[in-house]
Every structure is written in structure tokens, then in C-alpha cells.
Amino acid sequence: MTEYGAPERKYLRPEQGLTVTGSGTVEGYASLFGLKDQGGDVVLAGAYAGSLKRLASAGAKVKMLWQHDAAQPIGVWDEVREDARGLWVKGRILTEVARGREAAALLAAGAIDGLSIGYRTVKAERDGKGRRLLSELELWEVSLVTFPMLSEARVQAKSDDGWHWRQMVQVFDDARRQLAER
């Protein structure tokens with residue numbers, strides 16, 4: 001196995017969806033196991049377990065940032081855990097913070113729809129297909145982002161009245177793909 005030390009970020013729009021309520025609560029998958037992202041990386045099940053255990057024993061939490069900017073925390077992740085599908089997060093956007101208010105408004109409007117992880121690779125290896133299999137990661141933060149790394153995944157954002165932004169997200173995805181093809 002190769003060991004790495006540089007900070008990295010992965011962008012993901014989880015297929016299960018990032019759910020947003022009017023109260024500022026957000027939840028969804030920040031990472032899904034076994035899927036290859038646009039960078040050729042695949043996060044393996046259990047990759048976050050050690051990091052989450054170390055954070056819990058130190059009384060520390062994974063940070064919620066805006067677009068990976070350490071100077072712009074916008075909320076708190078109240079729950080971060082691995083399950084059979086991936087890394088699931090649930091937290092609160094702090095609307096008392098200016099950027100938090102902006103993020104909540106952009107999420108509600110469907111203008112942003114992604115989650116992204118900030119981490120350091122501890123253990124990884126290449127497989128025969130050229131993919132980098134990430135088996136141990138030190139998780140630092142989960143950001144709300146505009147452009148996630150896993151373009152095939154879909155976000156579902158829900159307002160208090162139950163209206164889903166899926167159609168709006170599809171319009172943005174179609175436009176982004178058309179621009180990429182040019």
C-alpha cells in the first residue's frame with residue numbers, strides 16, 4: 001500500500017440526496033462506497049472508521065465548511081457516520097452567520113446541491129484498472145459545494161412544504177453537460 005500525506009477533496013452529489021429543510025437541517029451522503037469518481041478514486045467501505053473513532057475520542061467534530069474554505073464555516077455536523085452505503089452526515093446550517101444564510105438560500109433554490117469531503121489519504125493502492133482504492137482516510141471536513149466530483153449521482157433537496165428540487169437540478173446538470181461537450 002502507498003501512503004499519502006497531501007490534503008485532498010472529493011466532491012459528491014449523492015444519489016440518495018442531500019435533504020434540506022426550512023429549519024436549516026441538512027442530511028445526506030457525503031461519500032458513497034465503491035463508486036469511481038471523476039478523479040479515478042474509489043472509497044472503500046470502512047475508510048472513515050478510524051478517523052471517526054479518533055475524532056470522537058478527542059471530543060472533536062468534522063467541520064462544515066462552505067466550498068472547502070476554512071475561513072467560512074457555515075454550520076455544524078451533528079452526526080457523521082459510516083453505513084453500508086457510505087459516509088452519512090446530518091447537521092445544521094447556522095443562519096446566524098451571513099454565509100450560512102446565503103448557503104441556506106442557495107440550497108433551497110437548488111442553486112447548489114453538492115457535498116464534498118476534505119481529507120488526507122492514509123492508505124491507498126492502485127488496482128489493475130488504474131483506479132486508486134482509498135482504504136483509510138483522515139476526514140477533516142464536509143463542505144457544501146457547487147460542483148461535486150461524482151456527476152452521475154443526484155441530489156434531492158426538500159423544503160418544508162415537500163416540494164422537491166429534482167427538476168431544477170436536472171436543468172443545471174443538462175446545462176453543465178452541454179457546456180462540457182463544447
# chains A, B, ... in the order shown; residues from 1 in each chain; ligands from 1
>>> select_by_dssp(residues="segment 55-160 of chain A", states="strand (DSSP E)", output="ChimeraX atom specification")
/A:63-66,69-82,86-93,114-126,132-145
>>> write_last_selection(atoms="C-alpha atoms", output="compact mmCIF listing (two decimals), in the first residue's frame")
# COMPACT_ATOMS: atom_id res chain seq x y z
CA LYS A 63 -16.23 20.69 10.25
CA MET A 64 -18.98 22.01 7.97
CA LEU A 65 -17.45 24.47 5.51
CA TRP A 66 -18.57 26.46 2.50
CA ASP A 69 -12.86 27.38 2.64
CA ALA A 70 -11.54 27.00 6.21
CA ALA A 71 -12.30 30.69 6.78
CA GLN A 72 -16.01 30.07 6.06
CA PRO A 73 -17.57 27.60 8.48
CA ILE A 74 -21.33 27.68 7.90
CA GLY A 75 -22.72 25.18 10.36
CA VAL A 76 -22.11 22.05 12.40
CA TRP A 77 -22.35 18.36 11.59
CA ASP A 78 -24.26 16.82 14.46
CA GLU A 79 -23.94 13.28 13.13
CA VAL A 80 -21.30 11.77 10.85
CA ARG A 81 -21.25 8.00 10.41
CA GLU A 82 -20.44 5.21 8.04
CA GLY A 86 -21.13 5.38 2.54
CA LEU A 87 -20.48 8.37 4.77
CA TRP A 88 -23.77 9.82 6.00
CA VAL A 89 -23.93 13.30 7.57
CA LYS A 90 -26.60 15.31 9.31
CA GLY A 91 -26.13 18.85 10.52
CA ARG A 92 -27.40 22.38 10.87
CA ILE A 93 -26.61 25.40 8.74
CA GLY A 114 -23.46 19.02 -3.58
CA LEU A 115 -21.44 17.68 -0.70
CA SER A 116 -17.69 17.27 -0.74
CA ILE A 117 -15.20 15.75 1.66
CA GLY A 118 -11.87 17.24 2.70
CA TYR A 119 -9.41 14.61 3.89
CA ARG A 120 -5.89 13.21 3.93
CA THR A 121 -5.22 9.81 2.37
CA VAL A 122 -3.68 7.44 4.90
CA LYS A 123 -3.76 4.20 2.86
CA ALA A 124 -4.50 3.58 -0.80
CA GLU A 125 -3.43 1.29 -3.62
CA ARG A 126 -3.93 1.08 -7.38
CA ARG A 132 -6.94 4.41 -6.72
CA LEU A 133 -8.67 2.41 -3.97
CA LEU A 134 -8.86 4.53 -0.82
CA SER A 135 -8.93 2.22 2.21
CA GLU A 136 -8.13 4.65 5.03
CA LEU A 137 -8.82 8.38 5.13
CA GLU A 138 -8.39 11.06 7.77
CA LEU A 139 -11.60 13.07 7.44
CA TRP A 140 -11.30 16.79 8.17
CA GLU A 141 -14.42 18.41 6.80
CA VAL A 142 -17.54 18.04 4.72
CA SER A 143 -18.40 21.07 2.59
CA LEU A 144 -21.48 22.25 0.78
CA VAL A 145 -20.34 22.78 -2.80
>>> atom_distance(atom1="atom CA of Arg131 of chain A", atom2="atom CA of Leu44 of chain A")
11.8 Å
>>> closest_residue(among="A:Ala58, A:Met149, A:Ala103, A:Val97", to="Leu32 of chain A", atoms="only C-alpha atoms")
A:Met149
>>> residues_around(residues="Thr95 of chain A", least_positions_apart="4", cutoff="10 Å", atoms="only C-alpha atoms", output="VMD selection string")
chain A and resid 23 to 24 74 to 75 99 to 105
>>> residues_around(residues="Gly34 of chain A", least_positions_apart="3", cutoff="8 Å", atoms="only C-alpha atoms", output="compact mmCIF listing (two decimals) with all heavy atoms, in the first residue's frame")
# COMPACT_ATOMS: atom_id res chain seq x y z
N VAL A 42 -11.78 5.43 -5.76
CA VAL A 42 -12.90 4.67 -5.20
C VAL A 42 -12.67 4.57 -3.70
O VAL A 42 -11.64 4.06 -3.25
CB VAL A 42 -12.97 3.25 -5.81
CG1 VAL A 42 -14.08 2.45 -5.16
CG2 VAL A 42 -13.15 3.32 -7.32
N VAL A 43 -13.63 5.08 -2.92
CA VAL A 43 -13.55 4.96 -1.46
C VAL A 43 -14.12 3.61 -1.07
O VAL A 43 -15.22 3.24 -1.49
CB VAL A 43 -14.32 6.10 -0.76
CG1 VAL A 43 -14.27 5.92 0.76
CG2 VAL A 43 -13.75 7.46 -1.15
N LEU A 44 -13.35 2.85 -0.27
CA LEU A 44 -13.78 1.53 0.17
C LEU A 44 -14.51 1.62 1.50
O LEU A 44 -14.24 2.51 2.31
CB LEU A 44 -12.57 0.61 0.29
CG LEU A 44 -11.72 0.43 -0.97
CD1 LEU A 44 -10.53 -0.48 -0.70
CD2 LEU A 44 -12.57 -0.12 -2.11
N ALA A 45 -15.41 0.66 1.72
CA ALA A 45 -16.14 0.60 3.00
C ALA A 45 -15.14 0.52 4.14
O ALA A 45 -14.14 -0.18 4.06
CB ALA A 45 -17.06 -0.61 3.00
>>> select_by_dssp(residues="segment 24-99 of chain A", states="alpha helix (DSSP H)", output="number ranges by chain")
A: 49-58, 98-99
>>> atom_distance(atom1="atom CA of Gly28 of chain A", atom2="atom CA of Ala109 of chain A")
17.3 Å
>>> closest_residue(among="A:Glu96, A:Ala84, A:Gln67, A:Ala108", to="Phe147 of chain A", atoms="only C-alpha atoms")
A:Gln67
>>> atom_distance(atom1="atom CA of Thr25 of chain A", atom2="atom CA of Val62 of chain A")
15.9 Å
